[in-house]
Amino acid sequence: MEKTQKKIKIKVEKINLFYGTSHALGDINADIYENSITAVIGPSGCGKSTFLRLFNRMNDLIPGVTINGRILLNGENIYAKDTYVVELRKKVGMVFQKPNIFPMSIRDNVIIGPKHHGTKKKQDLDIIVERSLRQAALWDDFKDNLFKPGLSLSPGEQQRLCIARALAVEPEIILFDESCSALDPESTMRIEDLMSELSKKYTIIIVTHNMEQAARVSHMSAFFMIDDDKIGRLVEYRPTGDMFANPKDKRTEDYITGRYG
Amino acid sequence: MKPMKPSARTSEYLAKGMIWAAAMSVMIVLVAIIVYILIKGLPVLNFSFLTQNPYNMGRSGGIASTIVGTLYITLVAILIAVPFGIGTAFYLAEYTRENIITRIIRFSAESLAGIPSIIYGLFGFIFFVIYLGMGWSILAGGLTLAFMVLPTIIRTSEEAIRAVPQIYREASYSLGATKWQTIIKTVFPSAIQGIVNGIILSVGRCIAETAAVIFTAGSVLSMPFSLFDSTRTMAVHFYILASEGVSMENAYGTAALLIILIFVVNVGVNLLVSRFINKNQKR
């Protein structure tokens, strides 16, 4: 993997997150680089997904969550009081664990985001549909079938449709929350290829259980684990190649060699 | 594979038999009721029965004015109950966490759902007819029925809204949709089938209601022209014809038409909804 000397896109500064009284993430600091893929790895329950959902403030939807600290996106704190979460989520797209396309046609799934944000004209929407589906490698297969129900697609295609739907809003960052865990190996490969392709234009953060996947696609890796007080900690955060070749922390080594989790 | 023990096999057959018998008995009873009423009533139904007003207290003539009265009152009730009911359901399901207010609303709705309809009639009589001075009228009857079906609409809608998978909401929010956009474009279309089922159920109850309507809309037989006219619905007409021995023949005719009307509403609305859903899938 190439070593990165890239611009910092997101700065995570001393983030602490609580679900009610339980301390889920403790003192997380990290820089996320632009146009790179950052993999978040670690055993179940270490706070990986919670960490990922910090960036589009999806944790806000859960009752009783408190978050302290700052996350600077393009230098602006997204946890500032005057942040308009809707605007933030336009910039930070997300692809979920299970394909969660809406029970509508392929085309309607792609244009629902742009329509929310005020694009109404058919010609404009047509351009968005073609661009997004091309980016998600779906255009050639479905350009004549845009009105087919999205749910009739295979799971792998559905997940790529979710990517197209996220891309249609023209985000700067895309979050993947274990987006391949429900897919067969071939669909997984196609999505990994897409991630690599998309990382030229977008900043990508993925959560994955799959060590090989992290090694294959990511430039940077962040290893999370809970400490003795059950607080999720960022144990090690380095370029993926370095970290997998010589993990500095004993816990990282145990995890990536399969002795833990 | 080892064969099942005889006792296990026997109980298996027995259970299957009992379940089958239960389902069949219910079906037979339902079909018998419907067939009986249709056999008695269908011969009475003809063009003049449907288009003429009743004469001589309903002994002769048709039931045109009661058909109009029924549709009018039902329309008023549904037009009032649906927006308030669905609004309340969305409030309960999407806009609040469990707190004292939601518990009061839910408790009231549940209690109201169990109250006999004649109590609604009494309330409607005292409040709308006397206190607000509406008199016996379609408006008073419609408002009373709206109150009566409100709990049904709230409960079925809330359940339908809660049944929409959370991952749809997350997907919508992740695209930068506002809460309102998420509700209108994502949650509502997914919940519509359940919401409509509640509305159909309510329409049926409005059409078939007697006690609450006698008290609030009266039982005048002439053709109603405005919201403030008193009227007699088909169900009330049937009740009076039968209980006062005016004309059993015409009573059965009215009952048959009631059944047909409810059937048509069910099928018609379901067709409309499936067309709406298909259109959403396609366009």
# chains A, B, ... in the order shown; residues from 1 in each chain; ligands from 1
>>> closest_atom_pairs(of="chain B", to="chain A", cutoff="10 Å", atoms="only C-alpha atoms", output="Markdown table")
| residue | atom | partner | partner_atom | distance |
| --- | --- | --- | --- | --- |
| B:Arg97 | CA | A:Pro63 | CA | 8.5 |
| B:Pro165 | CA | A:Asn100 | CA | 9.3 |
| B:Gln166 | CA | A:Asn100 | CA | 9.7 |
| B:Ile167 | CA | A:Asn100 | CA | 6.2 |
| B:Tyr168 | CA | A:Asn100 | CA | 6.3 |
| B:Arg169 | CA | A:Asn100 | CA | 9.6 |
| B:Glu170 | CA | A:Met58 | CA | 7.8 |
| B:Ala171 | CA | A:Asn100 | CA | 6.7 |
| B:Ser172 | CA | A:Gly113 | CA | 7.9 |
| B:Tyr173 | CA | A:Arg89 | CA | 7.5 |
| B:Ser174 | CA | A:Arg89 | CA | 5.7 |
| B:Leu175 | CA | A:Gly113 | CA | 5.6 |
| B:Gly176 | CA | A:Val86 | CA | 4.6 |
| B:Ala177 | CA | A:His116 | CA | 6.1 |
| B:Thr178 | CA | A:Val86 | CA | 6.3 |
| B:Lys179 | CA | A:Val86 | CA | 9.3 |
| B:Gln181 | CA | A:His116 | CA | 7.0 |
| B:Thr182 | CA | A:His116 | CA | 9.2 |
| B:Lys185 | CA | A:Ile112 | CA | 8.4 |
| B:Thr186 | CA | A:Phe102 | CA | 7.6 |
| B:Val187 | CA | A:Phe102 | CA | 10.0 |
| B:Pro189 | CA | A:Pro103 | CA | 9.0 |
| B:Ser190 | CA | A:Pro103 | CA | 7.8 |
| B:Ile277 | CA | A:Met104 | CA | 8.9 |
| B:Asn278 | CA | A:Met104 | CA | 8.9 |
| B:Lys279 | CA | A:Met104 | CA | 9.2 |
| B:Asn280 | CA | A:Met104 | CA | 6.2 |
| B:Gln281 | CA | A:Met104 | CA | 4.3 |
| B:Lys282 | CA | A:Phe147 | CA | 5.3 |
| B:Arg283 | CA | A:Phe147 | CA | 6.5 |
>>> residues_around(residues="segment 231-233 of chain A", least_positions_apart="5", cutoff="10 Å", atoms="only C-alpha atoms", output="ChimeraX atom specification")
/A:16-18,22-29,42,45-48,50-51,223-226
>>> select_by_dssp(residues="segment 11-165 of chain A", states="alpha helix (DSSP H)", output="ChimeraX atom specification")
/A:48-52,85-91,106-116,122-135,139-142,155-165
>>> atom_distance(atom1="atom CA of Met248 of chain B", atom2="atom CA of Pro43 of chain B")
12.7 Å
>>> residues_around(residues="Gly121 of chain B", least_positions_apart="6", cutoff="9 Å", atoms="only C-alpha atoms", output="PDB file with C-alpha atoms, in the first residue's frame")
ATOM      1  CA  GLY B 141     -73.650  12.485  13.567  1.00  0.00           C
ATOM      2  CA  THR B 144     -69.721  11.695  16.809  1.00  0.00           C
ATOM      3  CA  LEU B 145     -68.716   8.858  14.518  1.00  0.00           C
ATOM      4  CA  ALA B 211     -76.897   3.663  18.391  1.00  0.00           C
ATOM      5  CA  ALA B 212     -74.538   6.610  18.097  1.00  0.00           C
ATOM      6  CA  VAL B 213     -76.316   7.869  14.983  1.00  0.00           C
ATOM      7  CA  ILE B 214     -79.911   7.740  16.217  1.00  0.00           C
ATOM      8  CA  PHE B 215     -78.964  10.050  19.062  1.00  0.00           C
ATOM      9  CA  THR B 216     -77.073  12.546  16.954  1.00  0.00           C
TER      10      THR B 216
END
>>> residues_around(residues="Asp229 of chain B", least_positions_apart="2", cutoff="12 Å", atoms="only C-alpha atoms", output="PDB file with C-alpha atoms, in the first residue's frame")
ATOM      1  CA  SER B  65     -82.544   9.048   1.170  1.00  0.00           C
ATOM      2  CA  VAL B  68     -77.419   9.366   0.717  1.00  0.00           C
ATOM      3  CA  GLY B  69     -77.579   9.925   4.483  1.00  0.00           C
ATOM      4  CA  TYR B  72     -72.867  11.698   3.777  1.00  0.00           C
ATOM      5  CA  ILE B  73     -72.360  10.900   7.479  1.00  0.00           C
ATOM      6  CA  VAL B 129     -76.697  18.382  19.400  1.00  0.00           C
ATOM      7  CA  MET B 134     -76.220  21.612  15.940  1.00  0.00           C
ATOM      8  CA  GLY B 135     -79.502  19.798  16.433  1.00  0.00           C
ATOM      9  CA  TRP B 136     -80.012  16.350  14.973  1.00  0.00           C
ATOM     10  CA  SER B 137     -77.860  16.679  11.891  1.00  0.00           C
ATOM     11  CA  ILE B 138     -75.386  15.008   9.598  1.00  0.00           C
ATOM     12  CA  LEU B 139     -72.676  17.220  11.076  1.00  0.00           C
ATOM     13  CA  ALA B 140     -73.403  16.124  14.654  1.00  0.00           C
ATOM     14  CA  GLY B 141     -73.650  12.485  13.567  1.00  0.00           C
ATOM     15  CA  GLY B 142     -70.451  12.663  11.529  1.00  0.00           C
ATOM     16  CA  THR B 216     -77.073  12.546  16.954  1.00  0.00           C
ATOM     17  CA  ALA B 217     -78.412  12.516  13.398  1.00  0.00           C
ATOM     18  CA  GLY B 218     -81.961  11.526  14.172  1.00  0.00           C
ATOM     19  CA  SER B 219     -84.109   9.325  11.965  1.00  0.00           C
ATOM     20  CA  VAL B 220     -85.804  11.689   9.534  1.00  0.00           C
ATOM     21  CA  LEU B 221     -86.671   9.933   6.299  1.00  0.00           C
ATOM     22  CA  SER B 222     -86.554  12.813   3.851  1.00  0.00           C
ATOM     23  CA  MET B 223     -83.650  13.394   1.512  1.00  0.00           C
ATOM     24  CA  PRO B 224     -80.901  15.432   3.291  1.00  0.00           C
ATOM     25  CA  PHE B 225     -79.547  18.449   1.461  1.00  0.00           C
ATOM     26  CA  SER B 226     -77.101  20.099   3.827  1.00  0.00           C
ATOM     27  CA  LEU B 227     -74.791  19.221   6.694  1.00  0.00           C
ATOM     28  CA  THR B 231     -81.094  12.069   8.301  1.00  0.00           C
ATOM     29  CA  ARG B 232     -81.606   8.366   8.757  1.00  0.00           C
TER      30      ARG B 232
END
>>> atom_distance(atom1="atom CA of Gly75 of chain A", atom2="atom CA of Ala164 of chain A")
27.3 Å
>>> atom_distance(atom1="atom CA of Leu271 of chain B", atom2="atom CA of Met234 of chain B")
25.1 Å
>>> closest_residue(among="B:Val82, B:Ala23, B:Ile207, B:Ile126", to="Phe147 of chain B", atoms="only C-alpha atoms")
B:Val82
>>> closest_residue(among="A:Ser187, A:Gln159, A:Asn68, A:Thr38", to="Pro239 of chain A", atoms="only C-alpha atoms")
A:Thr38
>>> select_by_dssp(residues="segment 53-204 of chain A", states="strand (DSSP E or B)", output="ChimeraX atom specification")
/A:65-73,76-77,92-95,105,149,173-177,203-204
>>> residues_around(residues="Thr152 of chain B", least_positions_apart="5", cutoff="9 Å", atoms="only C-alpha atoms", output="ChimeraX atom specification")
/B:85,109-110,113,157,198-199,201-202
>>> closest_residue(among="A:Ala182, A:Thr252, A:Ile128, A:Val217", to="Leu234 of chain A", atoms="only C-alpha atoms")
A:Thr252
>>> residues_around(residues="Gln52 of chain B", least_positions_apart="6", cutoff="6 Å", atoms="only C-alpha atoms", output="PDB file with all heavy atoms, in the first residue's frame")
ATOM      1  N   GLY B  61     -92.040   2.215  -1.111  1.00  0.00           N
ATOM      2  CA  GLY B  61     -91.012   3.079  -1.661  1.00  0.00           C
ATOM      3  C   GLY B  61     -89.644   2.450  -1.497  1.00  0.00           C
ATOM      4  O   GLY B  61     -89.520   1.269  -1.155  1.00  0.00           O
ATOM      5  N   GLY B  62     -88.606   3.274  -1.742  1.00  0.00           N
ATOM      6  CA  GLY B  62     -87.247   2.731  -1.695  1.00  0.00           C
ATOM      7  C   GLY B  62     -86.479   3.195  -0.474  1.00  0.00           C
ATOM      8  O   GLY B  62     -87.068   3.436   0.582  1.00  0.00           O
ATOM      9  N   ALA B  64     -83.620   5.499  -1.031  1.00  0.00           N
ATOM     10  CA  ALA B  64     -82.637   6.432  -1.599  1.00  0.00           C
ATOM     11  C   ALA B  64     -82.111   7.419  -0.559  1.00  0.00           C
ATOM     12  O   ALA B  64     -80.897   7.626  -0.446  1.00  0.00           O
ATOM     13  CB  ALA B  64     -83.265   7.180  -2.765  1.00  0.00           C
TER      14      ALA B  64
END
>>> closest_residue(among="A:Ile173, A:Arg251, A:Glu186, A:Gln123", to="Asp227 of chain A", atoms="only C-alpha atoms")
A:Arg251
>>> residues_around(residues="Thr102 of chain B", least_positions_apart="4", cutoff="12 Å", atoms="only C-alpha atoms", output="ChimeraX atom specification")
/B:88-98,106-109,158
